[in-house]
Amino acid sequence: MTDLLIRGGKIIDGTGNPWIYGDLLVSGDRIEAVLPPGSANADNVAEVIDAGGMIVCPGFIDIQSHSIMPLMRDNRCLSKITQGITTEIMGEAWTPAPFGGKIDDPISGLLIDNLPEWRERAMGWTRFRDWLDAMIDVGVSPNVGSFLGGGTLRRYAKGMAMGPADAGELDVMRRVMAEAMEDGAFGVSYALIYPPDAFVETDEIVEVCKVVAEHHGVYITHVRSEAAGLIEGIEEAIEIGRRSGAPVEIYHLKAAGRANWHKMEQVIEMIATARAEGLDVTADMYPYIANGTGLTAVLPPWAEADGKLYENLADPEMRAKIKAEALNPSGDWEAMAAWSGPEGVMPVGFERDENRKYAGMRLTEIQADRGDADWVDTAFELLLSERQRISTIYFSMSEDNLAEQLRQPWIKVSTDAGGMDPAWAEPMGPTHPRGYGTYTRVLGKYVREEGVLTWEDAIRKMTSAVADRLSLHDRGVLRAGAYADIVIFDPTTVTDNATFEQSHQLSTGVRDVWVNGARVVSEGVHTGATPGRIVDGPGRAG
């Protein structure tokens, strides 16, 4: 008995091949066959789905997910699943495991108030895989996998101290990295503008990436600069790949700040040249002109050295030094307020009631409301009040660059966001819309409306291109034997509804979604099913 027959739709298999009409059969958690249209016998099928007028494609794989904490709160991953995302790959800079070494709290500062049970669990996550196993034990809707956070690796061996790792600390990093690869990590991820990653020198990353390469993994990176030092940041990433032997993936490729927009042409040429020389370098991106990170990114990284950010902001002498550097950056750190000016900085992630009124206001507007001397003082006071990084949106990118990046054959689509439900997320204030609409925005705006991509190429950049980068050879495609991660969407209506002003809006047009053969979205509504599994990197032991 076959479990499922999907018929009548245009099948786009994820490889980039032209669409075909066909019958798609699913048995258990696998695709049984893709047959010519009308040739499948429905008599021995438990459920028949009519996909007439729809596109049937593989589930999307998000190579830059931040769903670690959201999945602890809500295992449905609603805003991602309703975009058609069936696999969440996490781990940019930070992972809650392994816990040990010089890390005194695996989820310090990131614990959502109603999740005390997760802190107790996290204290026992001595191996990288312990956290992933806990996710599956509880049950999650999407598949989950991760890179080892390079910041976590650094903290494990050296804490938040600045300076290069000594020989003993580097040995610890090599050991922990090898263990993580054996536990299923896809490689190591560094975000080189955030402490402690920003304290790490190139040579140290190369040594860690040599271990990654031995286990056939990937070096994935938020490069050291996406603005004034963008060219140098890309050069460093390529150098690390060349010296370590590890493939390189560049997170959320962008040229930030009007003065740097012209550099994207050179970056595209650099990556194409490196590939022509035989270096495996690729990138991913999200389709928005604004990026999102913490308000702490307007301050120099050394302000957070030894974990003393708030202590430093409260000390008049240190505060004066930090302010001077924030207003006149030295050029050796990523001063995000310089990208767009303080008028382009929009803090949104406030937790204290007295600050929530500022959510969605620009930093200069908050300054005026508070009567502060300048925007830096406003940032200081907000951070001291909240005592957390304060999620913030920075308007800094070019729409023309987005379209040109999407056309590149080596680019992929990613969200750089976690999964949310408007029911619990909206009261927390605005957020970046990419967590709700990245994939549907590409399909609706850049395929249907603007013709920047074909359906087939857009879907390839969301599915098999990501699966191939991660060595997930049985996902990201519709073919016999592959896992049944399947999406059915309406090409005439698929769209993102989330905006910067009204961010907590689910996408529409994705009708049905299956993960490992289990239906998690039916007629646009989450079923409550949690069939997600761990997806492993190529170094997984056994």
# chains A, B, ... in the order shown; residues from 1 in each chain; ligands from 1
call {"tool": "closest_atom_pairs", "arguments": {"of": "region 465-526 of chain A", "to": "region 531-536 of chain A", "cutoff": "10 Å", "atoms": "only C-alpha atoms", "output": "tab-separated table"}}
result
residue	atom	partner	partner_atom	distance
A:Leu470	CA	A:Asp536	CA	8.6
A:Ser471	CA	A:Asp536	CA	8.7
A:Leu472	CA	A:Val535	CA	7.7
A:Arg475	CA	A:Val535	CA	9.5
A:Trp514	CA	A:Pro531	CA	9.0
A:Val515	CA	A:Pro531	CA	6.3
A:Asn516	CA	A:Pro531	CA	6.6
A:Gly517	CA	A:Pro531	CA	8.4
A:Ala518	CA	A:Pro531	CA	6.4
A:Arg519	CA	A:Pro531	CA	8.7
A:Val520	CA	A:Pro531	CA	8.1
call {"tool": "write_last_selection", "arguments": {"atoms": "C-alpha atoms", "output": "PDB file, in the first residue's frame"}}
result
ATOM      1  CA  LEU A 470      25.937  20.034   3.225  1.00  0.00           C
ATOM      2  CA  SER A 471      26.448  16.542   1.728  1.00  0.00           C
ATOM      3  CA  LEU A 472      22.769  15.716   2.303  1.00  0.00           C
ATOM      4  CA  ARG A 475      17.279  15.543   0.605  1.00  0.00           C
ATOM      5  CA  TRP A 514       5.413  17.209   4.293  1.00  0.00           C
ATOM      6  CA  VAL A 515       8.489  16.422   6.417  1.00  0.00           C
ATOM      7  CA  ASN A 516       9.754  12.843   6.228  1.00  0.00           C
ATOM      8  CA  GLY A 517       6.432  11.841   4.680  1.00  0.00           C
ATOM      9  CA  ALA A 518       4.318  13.384   7.464  1.00  0.00           C
ATOM     10  CA  ARG A 519       2.033  16.302   6.635  1.00  0.00           C
ATOM     11  CA  VAL A 520       2.894  19.361   8.723  1.00  0.00           C
TER      12      VAL A 520
END
call {"tool": "residues_around", "arguments": {"residues": "region 7-18 of chain A", "least_positions_apart": "4", "cutoff": "6 Å", "atoms": "only C-alpha atoms", "output": "PyMOL selection string"}}
result
chain A and resi 23+50-57+456-457+459-460+463-464+477-478
call {"tool": "atom_distance", "arguments": {"atom1": "CA of Glu235 (chain A)", "atom2": "CA of Asp280 (chain A)"}}
result
13.6 Å
call {"tool": "select_by_dssp", "arguments": {"residues": "region 102-243 of chain A", "states": "strand (DSSP E or B)", "output": "list in words"}}
result
Asn143, Val144, Gly145, Ser146, Leu148, Gly149, Gly187, Val188, Ser189, Tyr190, Ala191, Val218, Tyr219, Ile220, Thr221 and His222 of chain A
call {"tool": "write_last_selection", "arguments": {"atoms": "N, CA and C atoms", "output": "JSON list (two decimals), in the first residue's frame"}}
result
[["chain", "number", "residue", "atom", "x", "y", "z"],
["A", 143, "ASN", "N", 13.22, 19.21, 10.15],
["A", 143, "ASN", "CA", 14.50, 18.56, 10.40],
["A", 143, "ASN", "C", 15.47, 19.60, 10.96],
["A", 144, "VAL", "N", 16.41, 19.15, 11.77],
["A", 144, "VAL", "CA", 17.36, 20.07, 12.39],
["A", 144, "VAL", "C", 18.78, 19.55, 12.25],
["A", 145, "GLY", "N", 19.69, 20.48, 12.04],
["A", 145, "GLY", "CA", 21.12, 20.19, 12.00],
["A", 145, "GLY", "C", 21.87, 21.46, 12.29],
["A", 146, "SER", "N", 23.19, 21.38, 12.42],
["A", 146, "SER", "CA", 23.92, 22.58, 12.83],
["A", 146, "SER", "C", 25.40, 22.49, 12.52],
["A", 148, "LEU", "N", 29.02, 23.80, 14.28],
["A", 148, "LEU", "CA", 29.49, 24.17, 15.61],
["A", 148, "LEU", "C", 29.79, 25.66, 15.60],
["A", 149, "GLY", "N", 29.23, 26.40, 16.55],
["A", 149, "GLY", "CA", 29.51, 27.82, 16.64],
["A", 149, "GLY", "C", 30.96, 28.09, 16.97],
["A", 187, "GLY", "N", 30.34, 21.50, 10.11],
["A", 187, "GLY", "CA", 31.59, 22.23, 10.04],
["A", 187, "GLY", "C", 31.62, 23.24, 11.16],
["A", 188, "VAL", "N", 32.36, 24.33, 10.96],
["A", 188, "VAL", "CA", 32.44, 25.37, 11.97],
["A", 188, "VAL", "C", 31.95, 26.69, 11.38],
["A", 189, "SER", "N", 31.32, 27.49, 12.22],
["A", 189, "SER", "CA", 30.76, 28.78, 11.80],
["A", 189, "SER", "C", 31.32, 29.90, 12.65],
["A", 190, "TYR", "N", 31.92, 30.89, 12.00],
["A", 190, "TYR", "CA", 32.39, 32.07, 12.71],
["A", 190, "TYR", "C", 31.63, 33.30, 12.21],
["A", 191, "ALA", "N", 31.28, 34.19, 13.14],
["A", 191, "ALA", "CA", 30.73, 35.50, 12.81],
["A", 191, "ALA", "C", 31.74, 36.53, 13.30],
["A", 218, "VAL", "N", 32.55, 21.95, 6.26],
["A", 218, "VAL", "CA", 32.55, 23.24, 5.60],
["A", 218, "VAL", "C", 32.89, 24.34, 6.61],
["A", 219, "TYR", "N", 33.67, 25.33, 6.15],
["A", 219, "TYR", "CA", 33.87, 26.57, 6.91],
["A", 219, "TYR", "C", 32.83, 27.56, 6.44],
["A", 220, "ILE", "N", 31.95, 28.00, 7.35],
["A", 220, "ILE", "CA", 30.89, 28.94, 6.99],
["A", 220, "ILE", "C", 31.07, 30.19, 7.83],
["A", 221, "THR", "N", 30.95, 31.37, 7.21],
["A", 221, "THR", "CA", 31.40, 32.57, 7.90],
["A", 221, "THR", "C", 30.59, 33.81, 7.60],
["A", 222, "HIS", "N", 30.31, 34.57, 8.64],
["A", 222, "HIS", "CA", 29.97, 35.98, 8.53],
["A", 222, "HIS", "C", 31.32, 36.68, 8.45]]
call {"tool": "atom_distance", "arguments": {"atom1": "CA of His66 (chain A)", "atom2": "CA of Ile250 (chain A)"}}
result
16.1 Å
